[in-house]
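Colleague: One structure, as structure tokens, below. Some questions next.
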Amino acid sequence: MEHLNLTLTGSPYRKRNKVKMSIALLNEIVEKAAGLTNAERRELIQLLQEQEIKKQSEERERKLKPSGNNNFIIHPNTAWLKENSHKYRGLYVALKDGELIATGRTIKEADLAAKEKGFSKTLLHRIPGENEEVWGGW
């Protein structure tokens with residue numbers, strides 16, 4: 001059976017996901033979608049988007065659950081940083097409950113952008129650049 005490799009991209013920051021789908025199945029889906037009214041297409045798009053959001057949420061929850069006998073839970077912001085920081089090198093990010101709210105080249109830019117979106121209290125964190133030396137101390 002023939003297969004078609006599709007590359008799905010959500011946002012410019014989202015990792016590209018390869019999906020294998022048979023050409024026959026893809027043609028069948030396209031053919032059936034062509035017969036839908038505009039309202040039905042919008043409803044289908046909304047349903048698919050909701051399913052994707054639910055799937056991502058379930059995946060995020062699965063990653064946050066402690067494995068084995070660990071008695072700790074990873075904070076959603078920490079999990080987000082671990083998964084996504086490579087996409088925002090050299091920038092400040094504003095996070096709320098594991099979701100990216102805003103970014104900025106300065107902490108003030110990120111904070112103001114988050115406040116403009118209605119988030120007054122976020123975690124503001126600077127992600128070091130790729131070749132940037134990182135150090136810390138008391």
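By convention in this document, the chains of the structure tokens carry letters A, B, ... by their order, each chain's residues are numbered from 1, and ligands are numbered from 1 in the order they are shown.
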Which polymer residues have any atom within 9 Å of an atom of Gly129 of chain A, counting only C-alpha atoms, with same-chain residues fewer than 3 positions away left out, as a ChimeraX atom specification?

Modeller: /A:86,88-91,132-133

Colleague: Could you jot down the atom CA of Ile23 of chain A to atom CA of Lys54 of chain A separation for me, Å, one decimal place?

Modeller: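 It comes out at 26.7 Å.
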
Colleague: Can you pull out the residues contacting Asn77 of chain A? Cut-off 10 Å, using only C-alpha atoms, and skip same-chain residues under 4 positions away; I want them as a PyMOL selection string.

Modeller: chain A and resi 81-83+94-100+122-123

Colleague: Enumerate as a ChimeraX atom specification all residues of segment 31-93 of chain A assigned to helix (DSSP H, G or I) by DSSP on the backbone, naming them with the chain letters and numbers the document uses.

Modeller: /A:31-34,38-64,76-88

Colleague: Any chance you could export the current selection's C-alpha atoms as a PDB file, in the first residue's frame?

Modeller:
ATOM      1  CA  GLU A  31     -13.096  13.825  -1.372  1.00  0.00           C
ATOM      2  CA  LYS A  32     -15.542  13.714   1.536  1.00  0.00           C
ATOM      3  CA  ALA A  33     -14.417  17.103   2.861  1.00  0.00           C
ATOM      4  CA  ALA A  34     -15.009  18.653  -0.563  1.00  0.00           C
ATOM      5  CA  ASN A  38     -18.663  25.894   4.679  1.00  0.00           C
ATOM      6  CA  ALA A  39     -20.369  25.592   8.067  1.00  0.00           C
ATOM      7  CA  GLU A  40     -19.667  21.858   8.195  1.00  0.00           C
ATOM      8  CA  ARG A  41     -16.013  22.464   7.267  1.00  0.00           C
ATOM      9  CA  ARG A  42     -15.658  25.042  10.051  1.00  0.00           C
ATOM     10  CA  GLU A  43     -17.253  22.580  12.481  1.00  0.00           C
ATOM     11  CA  LEU A  44     -14.854  19.823  11.342  1.00  0.00           C
ATOM     12  CA  ILE A  45     -11.859  22.143  11.731  1.00  0.00           C
ATOM     13  CA  GLN A  46     -13.011  23.139  15.214  1.00  0.00           C
ATOM     14  CA  LEU A  47     -13.493  19.495  16.203  1.00  0.00           C
ATOM     15  CA  LEU A  48     -10.020  18.543  14.957  1.00  0.00           C
ATOM     16  CA  GLN A  49      -8.453  21.503  16.758  1.00  0.00           C
ATOM     17  CA  GLU A  50     -10.239  20.584  20.002  1.00  0.00           C
ATOM     18  CA  GLN A  51      -9.062  16.984  19.685  1.00  0.00           C
ATOM     19  CA  GLU A  52      -5.479  18.170  19.130  1.00  0.00           C
ATOM     20  CA  ILE A  53      -5.623  20.462  22.171  1.00  0.00           C
ATOM     21  CA  LYS A  54      -7.009  17.613  24.301  1.00  0.00           C
ATOM     22  CA  LYS A  55      -4.313  15.244  23.026  1.00  0.00           C
ATOM     23  CA  GLN A  56      -1.561  17.773  23.804  1.00  0.00           C
ATOM     24  CA  SER A  57      -3.011  18.382  27.255  1.00  0.00           C
ATOM     25  CA  GLU A  58      -3.135  14.643  27.995  1.00  0.00           C
ATOM     26  CA  GLU A  59       0.452  14.271  26.785  1.00  0.00           C
ATOM     27  CA  ARG A  60       1.571  17.155  29.001  1.00  0.00           C
ATOM     28  CA  GLU A  61      -0.221  15.597  31.997  1.00  0.00           C
ATOM     29  CA  ARG A  62       1.403  12.240  31.281  1.00  0.00           C
ATOM     30  CA  LYS A  63       4.844  13.834  31.246  1.00  0.00           C
ATOM     31  CA  LEU A  64       4.201  15.610  34.545  1.00  0.00           C
ATOM     32  CA  PRO A  76       4.106  22.876  34.551  1.00  0.00           C
ATOM     33  CA  ASN A  77       6.402  25.889  33.982  1.00  0.00           C
ATOM     34  CA  THR A  78       9.449  23.691  34.595  1.00  0.00           C
ATOM     35  CA  ALA A  79       8.138  21.088  32.162  1.00  0.00           C
ATOM     36  CA  TRP A  80       7.498  23.801  29.556  1.00  0.00           C
ATOM     37  CA  LEU A  81      11.045  25.144  29.933  1.00  0.00           C
ATOM     38  CA  LYS A  82      12.484  21.658  29.579  1.00  0.00           C
ATOM     39  CA  GLU A  83      10.502  20.962  26.402  1.00  0.00           C
ATOM     40  CA  ASN A  84      10.615  24.354  24.678  1.00  0.00           C
ATOM     41  CA  SER A  85      13.535  26.480  25.860  1.00  0.00           C
ATOM     42  CA  HIS A  86      15.633  25.618  22.796  1.00  0.00           C
ATOM     43  CA  LYS A  87      13.132  27.572  20.657  1.00  0.00           C
ATOM     44  CA  TYR A  88      13.508  30.817  22.625  1.00  0.00           C
TER      45      TYR A  88
END

Colleague: Atom CA of Phe119 of chain A and atom CA of Val93 of chain A, how far apart in Å?

Modeller: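 According to the coordinates, atom CA of Val93 of chain A and atom CA of Phe119 of chain A are separated by 12.8 Å.
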